[in-house]
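Quick notes on the structure that follows.
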Amino acid sequence: MTLRAVVKGVGHYLPARVVPNAELESLVDTSDEWIRSRSGIERRHFAAEGEMTSHLAVQAAQAALADAGLSADDIDAIIVATSTPDLTFPSVATMVQSGLGMTRGFAFDVQAVCAGFVFALTTANGMLLSGSAKRILVIGAETFSRLMDWTDRSTCVLFGDGAGALVLAAEEAGGTPADRGILASDLHSDGRFKDILYVDGGTSTGTTGHLRMAGKEVFRHAVEKLAETAHACLEKAGLTSADVTWIVPHQANIRIIEGTAKKMQLPMDRVVVTVQDHGNTSAASIPLALSVGKARGQIKPGDLIVTEAIGGGLAWGSVVLRW
């Protein structure tokens, strides 16, 4: 018998406040044209005062459960990928557990920055295949607007807030690449590059800190490493780029997305793109894009999807799944 972790439902949540590029012109030396030409971003959402990462995550989780036709009582575990927790501890996942009224099972966070959702999916997959759980809620949720240095125009215009969620369930399958569910994953990290993307706060400083990024270096690593991990993951699944229906990438920058698609020899009309509307929502960007892609009618049952992401660490990886 072969088990697969199959997507049963998907959902997302975006804060009500929409911040167009033009609004940022009054905060920092930038322009709509400058932001669009370098990132593809046109607008993003910012959490309201008092609206925390856990609040966004609960909303996305409820949407995913509704899409799956399930309740919180049907879930065995919650994994939240985030780098912007409400508090140092407890985990956002336990706050989501409480927010959903779930008193059974277990919940914990995963922190791999923008690659967090890929790491969380892989963790959930392993737990489902091992029998540790039968159904897992996997969430990416961030409030990156609270990490911005509003004097640094190279970074503060790139990020936004949001959350996305998937319900995964263990199901018997035939053990072939035609199966629904997660078919392969591929994870990497290399701490030698920690200084090109990081937040300069934490227990070492006693402050929350601000995001710091060497943009050109991150771009160079991103295009190369994302294409490599996607190809490696497809190979593990016994598939090639020609089999891919959709790339659903981390929505960091349109130039990175275009560069990765080109290296994978896939046209942009096979890529789900949401960066223009959400900006970079870090660990939330892939589940957000999956949910939006389904809502648009792009992603359909049986589609083969490659998700890939890279973030601070550096940490990067990919997952191949059949919807």
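Just so we're on the same page: first chain in the structure tokens is A, next is B, and so on; residues restart at 1 for each chain, and ligands are numbered from 1 in the order they show up.
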
*Compile the contact shell of Lys300 in chain A as a PyMOL selection string: residues with an atom at most 12 Å away, counting only C-alpha atoms, same-chain residues fewer than 3 positions apart removed.*
chain A and resi 7+180+245-246+290-297+303-305+322-323

*Spatial neighbours of His45 in chain A, max dist 8 Å, only C-alpha atoms, sep filter under 3 positions, as a list of chain:residue names*: A:Leu14, A:Pro15, A:Ala16, A:Arg17, A:Val18, A:Val19, A:Gly160, A:Asp161, A:Gly162, A:His278

Written selection (C-alpha atoms) as a PDB file, in the first residue's frame:
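The new file result_7.pdb reads:
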ATOM      1  CA  LEU A  14      -5.753  39.097   3.141  1.00  0.00           C
ATOM      2  CA  PRO A  15      -6.041  42.085   5.485  1.00  0.00           C
ATOM      3  CA  ALA A  16      -8.583  44.688   4.422  1.00  0.00           C
ATOM      4  CA  ARG A  17      -6.081  47.501   3.951  1.00  0.00           C
ATOM      5  CA  VAL A  18      -4.707  47.650   0.405  1.00  0.00           C
ATOM      6  CA  VAL A  19      -1.561  49.745  -0.052  1.00  0.00           C
ATOM      7  CA  GLY A 160       3.041  42.545   2.389  1.00  0.00           C
ATOM      8  CA  ASP A 161       0.879  40.622   4.845  1.00  0.00           C
ATOM      9  CA  GLY A 162      -1.405  37.643   4.340  1.00  0.00           C
ATOM     10  CA  HIS A 278       0.198  40.827  -2.730  1.00  0.00           C
TER      11      HIS A 278
END

*Find the residues around Phe117 in chain A up to 7 Å (only C-alpha atoms counted), leave out those fewer than 5 positions away in its own chain, and share them as a list in words.*
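Returned residues: Ala81, Gly140 and Ala283 of chain A.
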
*Give the answer as one residue: which of A:Pro267, A:Leu168, A:Ser185, A:Arg153 has the shortest atom-to-atom distance to Phe119 in chain A, using only C-alpha atoms?*
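The shortest atom-to-atom distance to Phe119 in chain A comes from A:Ser185.
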
*Quick one: everything within 9 Å of Ala120 in chain A, counting only C-alpha atoms, minus sequence neighbours fewer than 4 positions away in the same chain. Send it as a list in words.*
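In the requested format, the answer is Ile79, Val80, Ala81, Asp109, Val110, Gln111, Ala112, Ala115, Gly116, Ala124, Asn125, Val138, Ile139 and Gly140 of chain A.
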
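The set of residues in range 16-161 of chain A assigned to strand (DSSP E or B) by DSSP, using only backbone atoms of this structure, is Arg17, Val18, Val19, Pro20, Arg43, Arg44, His45, Phe46, Ala77, Ile78, Ile79, Val80, Ala81, Phe106, Ala107, Phe108, Asp109, Val110, Arg135, Ile136, Leu137, Val138, Ile139, Gly140, Ala141, Glu142, Thr143, Phe159 and Asp161 of chain A.
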
Write a file of the just-selected residues containing N, CA and C atoms, as a PDB file, in the first residue's frame.
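As written to disk, result-v9.pdb reads:
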ATOM      1  N   ARG A  17      -6.772  46.309   4.449  1.00  0.00           N
ATOM      2  CA  ARG A  17      -6.081  47.501   3.951  1.00  0.00           C
ATOM      3  C   ARG A  17      -5.202  47.174   2.742  1.00  0.00           C
ATOM      4  N   VAL A  18      -5.509  47.795   1.620  1.00  0.00           N
ATOM      5  CA  VAL A  18      -4.707  47.650   0.405  1.00  0.00           C
ATOM      6  C   VAL A  18      -3.819  48.879   0.269  1.00  0.00           C
ATOM      7  N   VAL A  19      -2.527  48.645   0.046  1.00  0.00           N
ATOM      8  CA  VAL A  19      -1.561  49.745  -0.052  1.00  0.00           C
ATOM      9  C   VAL A  19      -0.977  49.756  -1.461  1.00  0.00           C
ATOM     10  N   PRO A  20      -1.454  50.662  -2.322  1.00  0.00           N
ATOM     11  CA  PRO A  20      -0.879  50.761  -3.669  1.00  0.00           C
ATOM     12  C   PRO A  20       0.503  51.401  -3.626  1.00  0.00           C
ATOM     13  N   ARG A  43       0.639  46.528  -5.666  1.00  0.00           N
ATOM     14  CA  ARG A  43      -0.044  46.799  -4.399  1.00  0.00           C
ATOM     15  C   ARG A  43       0.249  45.649  -3.432  1.00  0.00           C
ATOM     16  N   ARG A  44      -0.073  45.851  -2.182  1.00  0.00           N
ATOM     17  CA  ARG A  44       0.076  44.820  -1.161  1.00  0.00           C
ATOM     18  C   ARG A  44      -0.932  45.107  -0.056  1.00  0.00           C
ATOM     19  N   HIS A  45      -1.108  44.156   0.858  1.00  0.00           N
ATOM     20  CA  HIS A  45      -2.032  44.324   1.976  1.00  0.00           C
ATOM     21  C   HIS A  45      -1.235  44.465   3.269  1.00  0.00           C
ATOM     22  N   PHE A  46      -1.685  45.354   4.146  1.00  0.00           N
ATOM     23  CA  PHE A  46      -1.065  45.519   5.463  1.00  0.00           C
ATOM     24  C   PHE A  46      -2.089  45.191   6.540  1.00  0.00           C
ATOM     25  N   ALA A  77      -3.510  17.788  13.384  1.00  0.00           N
ATOM     26  CA  ALA A  77      -2.336  18.619  13.646  1.00  0.00           C
ATOM     27  C   ALA A  77      -2.403  19.902  12.832  1.00  0.00           C
ATOM     28  N   ILE A  78      -1.728  20.922  13.350  1.00  0.00           N
ATOM     29  CA  ILE A  78      -1.598  22.206  12.658  1.00  0.00           C
ATOM     30  C   ILE A  78      -0.122  22.565  12.599  1.00  0.00           C
ATOM     31  N   ILE A  79       0.357  22.875  11.412  1.00  0.00           N
ATOM     32  CA  ILE A  79       1.725  23.359  11.238  1.00  0.00           C
ATOM     33  C   ILE A  79       1.640  24.737  10.605  1.00  0.00           C
ATOM     34  N   VAL A  80       2.216  25.720  11.259  1.00  0.00           N
ATOM     35  CA  VAL A  80       2.226  27.084  10.724  1.00  0.00           C
ATOM     36  C   VAL A  80       3.651  27.471  10.356  1.00  0.00           C
ATOM     37  N   ALA A  81       3.842  27.877   9.115  1.00  0.00           N
ATOM     38  CA  ALA A  81       5.124  28.429   8.668  1.00  0.00           C
ATOM     39  C   ALA A  81       5.058  29.942   8.817  1.00  0.00           C
ATOM     40  N   PHE A 106      -2.178  18.246  17.957  1.00  0.00           N
ATOM     41  CA  PHE A 106      -0.985  19.010  18.318  1.00  0.00           C
ATOM     42  C   PHE A 106      -0.731  20.089  17.284  1.00  0.00           C
ATOM     43  N   ALA A 107       0.087  21.073  17.660  1.00  0.00           N
ATOM     44  CA  ALA A 107       0.326  22.228  16.789  1.00  0.00           C
ATOM     45  C   ALA A 107       1.710  22.779  17.051  1.00  0.00           C
ATOM     46  N   PHE A 108       2.395  23.207  15.973  1.00  0.00           N
ATOM     47  CA  PHE A 108       3.721  23.793  16.128  1.00  0.00           C
ATOM     48  C   PHE A 108       4.050  24.636  14.906  1.00  0.00           C
ATOM     49  N   ASP A 109       5.056  25.501  15.065  1.00  0.00           N
ATOM     50  CA  ASP A 109       5.510  26.379  13.984  1.00  0.00           C
ATOM     51  C   ASP A 109       6.754  25.831  13.310  1.00  0.00           C
ATOM     52  N   VAL A 110       6.953  26.241  12.058  1.00  0.00           N
ATOM     53  CA  VAL A 110       8.172  25.976  11.290  1.00  0.00           C
ATOM     54  C   VAL A 110       8.706  27.319  10.830  1.00  0.00           C
ATOM     55  N   ARG A 135      -4.951  13.853   9.159  1.00  0.00           N
ATOM     56  CA  ARG A 135      -5.258  15.106   8.476  1.00  0.00           C
ATOM     57  C   ARG A 135      -4.477  16.231   9.146  1.00  0.00           C
ATOM     58  N   ILE A 136      -3.809  17.050   8.340  1.00  0.00           N
ATOM     59  CA  ILE A 136      -2.998  18.142   8.870  1.00  0.00           C
ATOM     60  C   ILE A 136      -3.354  19.436   8.153  1.00  0.00           C
ATOM     61  N   LEU A 137      -3.507  20.477   8.930  1.00  0.00           N
ATOM     62  CA  LEU A 137      -3.718  21.824   8.414  1.00  0.00           C
ATOM     63  C   LEU A 137      -2.353  22.497   8.318  1.00  0.00           C
ATOM     64  N   VAL A 138      -1.937  22.866   7.108  1.00  0.00           N
ATOM     65  CA  VAL A 138      -0.641  23.494   6.879  1.00  0.00           C
ATOM     66  C   VAL A 138      -0.882  24.943   6.454  1.00  0.00           C
ATOM     67  N   ILE A 139      -0.296  25.875   7.205  1.00  0.00           N
ATOM     68  CA  ILE A 139      -0.594  27.292   7.018  1.00  0.00           C
ATOM     69  C   ILE A 139       0.701  28.075   6.837  1.00  0.00           C
ATOM     70  N   GLY A 140       0.676  29.039   5.940  1.00  0.00           N
ATOM     71  CA  GLY A 140       1.727  30.049   5.861  1.00  0.00           C
ATOM     72  C   GLY A 140       1.097  31.382   6.201  1.00  0.00           C
ATOM     73  N   ALA A 141       1.640  32.095   7.176  1.00  0.00           N
ATOM     74  CA  ALA A 141       1.035  33.364   7.603  1.00  0.00           C
ATOM     75  C   ALA A 141       2.125  34.332   8.023  1.00  0.00           C
ATOM     76  N   GLU A 142       2.002  35.581   7.576  1.00  0.00           N
ATOM     77  CA  GLU A 142       3.038  36.577   7.869  1.00  0.00           C
ATOM     78  C   GLU A 142       2.454  37.986   8.012  1.00  0.00           C
ATOM     79  N   THR A 143       3.117  38.774   8.852  1.00  0.00           N
ATOM     80  CA  THR A 143       2.877  40.222   8.924  1.00  0.00           C
ATOM     81  C   THR A 143       4.234  40.915   8.769  1.00  0.00           C
ATOM     82  N   PHE A 159       7.290  44.021   0.478  1.00  0.00           N
ATOM     83  CA  PHE A 159       6.632  43.018   1.312  1.00  0.00           C
ATOM     84  C   PHE A 159       5.206  43.393   1.679  1.00  0.00           C
ATOM     85  N   ASP A 161       1.394  41.530   3.828  1.00  0.00           N
ATOM     86  CA  ASP A 161       0.879  40.622   4.845  1.00  0.00           C
ATOM     87  C   ASP A 161      -0.215  39.737   4.262  1.00  0.00           C
TER      88      ASP A 161
END

*Find the residues near Ser318 in chain A: any atom within 12 Å, counting only C-alpha atoms, skip ones fewer than 6 places away on the same chain, and give them as a PyMOL selection string.*
chain A and resi 114-122+182-188+225-237+247-250+286+305-310

*Which residue gives the smallest distance to Gly69 in chain A among A:Ala93, A:Leu100, A:Leu56, A:Val10, with only C-alpha atoms counted?*
A:Val10

*DSSP on the backbone, then: every residue of range 106-275 of chain A marked alpha helix (DSSP H), written as a ChimeraX atom specification.*
/A:116-130,215-237,254-263,275

Could the residues in this selection be written to a file with C-alpha atoms, as a PDB file, in the first residue's frame?
ATOM      1  CA  GLY A 116       8.809  28.063   5.252  1.00  0.00           C
ATOM      2  CA  PHE A 117       5.719  26.729   3.530  1.00  0.00           C
ATOM      3  CA  VAL A 118       7.731  24.267   1.432  1.00  0.00           C
ATOM      4  CA  PHE A 119       9.435  23.051   4.612  1.00  0.00           C
ATOM      5  CA  ALA A 120       6.067  22.829   6.397  1.00  0.00           C
ATOM      6  CA  LEU A 121       4.516  20.851   3.512  1.00  0.00           C
ATOM      7  CA  THR A 122       7.420  18.430   3.567  1.00  0.00           C
ATOM      8  CA  THR A 123       7.126  18.030   7.346  1.00  0.00           C
ATOM      9  CA  ALA A 124       3.383  17.402   7.094  1.00  0.00           C
ATOM     10  CA  ASN A 125       3.936  14.890   4.298  1.00  0.00           C
ATOM     11  CA  GLY A 126       6.371  12.915   6.433  1.00  0.00           C
ATOM     12  CA  MET A 127       3.987  12.887   9.393  1.00  0.00           C
ATOM     13  CA  LEU A 128       1.063  11.731   7.282  1.00  0.00           C
ATOM     14  CA  LEU A 129       3.067   8.952   5.642  1.00  0.00           C
ATOM     15  CA  SER A 130       4.389   7.786   9.030  1.00  0.00           C
ATOM     16  CA  GLY A 215      19.172  42.304  -3.271  1.00  0.00           C
ATOM     17  CA  LYS A 216      21.569  41.510  -6.113  1.00  0.00           C
ATOM     18  CA  GLU A 217      23.104  38.586  -4.235  1.00  0.00           C
ATOM     19  CA  VAL A 218      19.711  37.183  -3.280  1.00  0.00           C
ATOM     20  CA  PHE A 219      18.546  37.463  -6.892  1.00  0.00           C
ATOM     21  CA  ARG A 220      21.595  35.599  -8.176  1.00  0.00           C
ATOM     22  CA  HIS A 221      21.154  32.737  -5.721  1.00  0.00           C
ATOM     23  CA  ALA A 222      17.382  32.610  -6.178  1.00  0.00           C
ATOM     24  CA  VAL A 223      17.174  31.992  -9.912  1.00  0.00           C
ATOM     25  CA  GLU A 224      19.923  29.380  -9.895  1.00  0.00           C
ATOM     26  CA  LYS A 225      18.835  27.502  -6.776  1.00  0.00           C
ATOM     27  CA  LEU A 226      15.099  27.539  -7.481  1.00  0.00           C
ATOM     28  CA  ALA A 227      15.486  26.027 -10.942  1.00  0.00           C
ATOM     29  CA  GLU A 228      17.902  23.412  -9.604  1.00  0.00           C
ATOM     30  CA  THR A 229      15.627  22.312  -6.770  1.00  0.00           C
ATOM     31  CA  ALA A 230      12.582  22.176  -9.055  1.00  0.00           C
ATOM     32  CA  HIS A 231      14.398  19.934 -11.540  1.00  0.00           C
ATOM     33  CA  ALA A 232      15.717  17.727  -8.722  1.00  0.00           C
ATOM     34  CA  CYS A 233      12.245  17.372  -7.223  1.00  0.00           C
ATOM     35  CA  LEU A 234      10.684  16.466 -10.566  1.00  0.00           C
ATOM     36  CA  GLU A 235      13.393  13.855 -11.093  1.00  0.00           C
ATOM     37  CA  LYS A 236      12.623  12.325  -7.666  1.00  0.00           C
ATOM     38  CA  ALA A 237       8.975  12.096  -8.732  1.00  0.00           C
ATOM     39  CA  ILE A 254       8.562  38.967 -11.071  1.00  0.00           C
ATOM     40  CA  ARG A 255      12.113  38.898 -12.455  1.00  0.00           C
ATOM     41  CA  ILE A 256      13.015  35.929 -10.239  1.00  0.00           C
ATOM     42  CA  ILE A 257       9.793  34.181 -11.260  1.00  0.00           C
ATOM     43  CA  GLU A 258      10.480  34.813 -14.964  1.00  0.00           C
ATOM     44  CA  GLY A 259      14.130  33.740 -14.631  1.00  0.00           C
ATOM     45  CA  THR A 260      13.203  30.482 -12.919  1.00  0.00           C
ATOM     46  CA  ALA A 261      10.504  29.657 -15.487  1.00  0.00           C
ATOM     47  CA  LYS A 262      12.990  30.281 -18.301  1.00  0.00           C
ATOM     48  CA  LYS A 263      15.549  27.935 -16.717  1.00  0.00           C
ATOM     49  CA  VAL A 275       3.040  39.125  -6.777  1.00  0.00           C
TER      50      VAL A 275
END

*At what distance in Å, to one decimal, does CA of Thr155 in chain A lie from CA of Arg38 in chain A?*
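So the two atoms, CA of Arg38 in chain A and CA of Thr155 in chain A, lie 11.3 Å apart.
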
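Between CA of Trp150 in chain A and CA of Val273 in chain A the interatomic distance comes to 26.1 Å.
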
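Each of A:Ala68, A:Leu266, A:Leu147, A:Gln298 was checked against Gly202 in chain A using only C-alpha atoms; the smallest atom-to-atom distance is that of A:Leu147.
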
*Quick one, how far is CA of Ala57 in chain A from CA of Met148 in chain A?*
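So the answer is 20.4 Å.
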
*Identify which of the residues A:Ala61, A:Ala170, A:Ala315, A:Ile41 lies closest to Thr274 in chain A, counting only C-alpha atoms when measuring atom-to-atom distances.*
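When distances to Thr274 in chain A are compared using only C-alpha atoms, the smallest one comes from A:Ile41.
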
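Take the candidates A:Asp73, A:Asp190, A:Asn21, A:Pro301 and check each one against Gly105 in chain A using only C-alpha atoms; the shortest distance goes to A:Asp73.
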
_Given only C-alpha atoms as the counted atoms, nearest of A:Phe193, A:Leu24, A:Thr208, A:Asp67 to Glu42 in chain A_ = A:Leu24
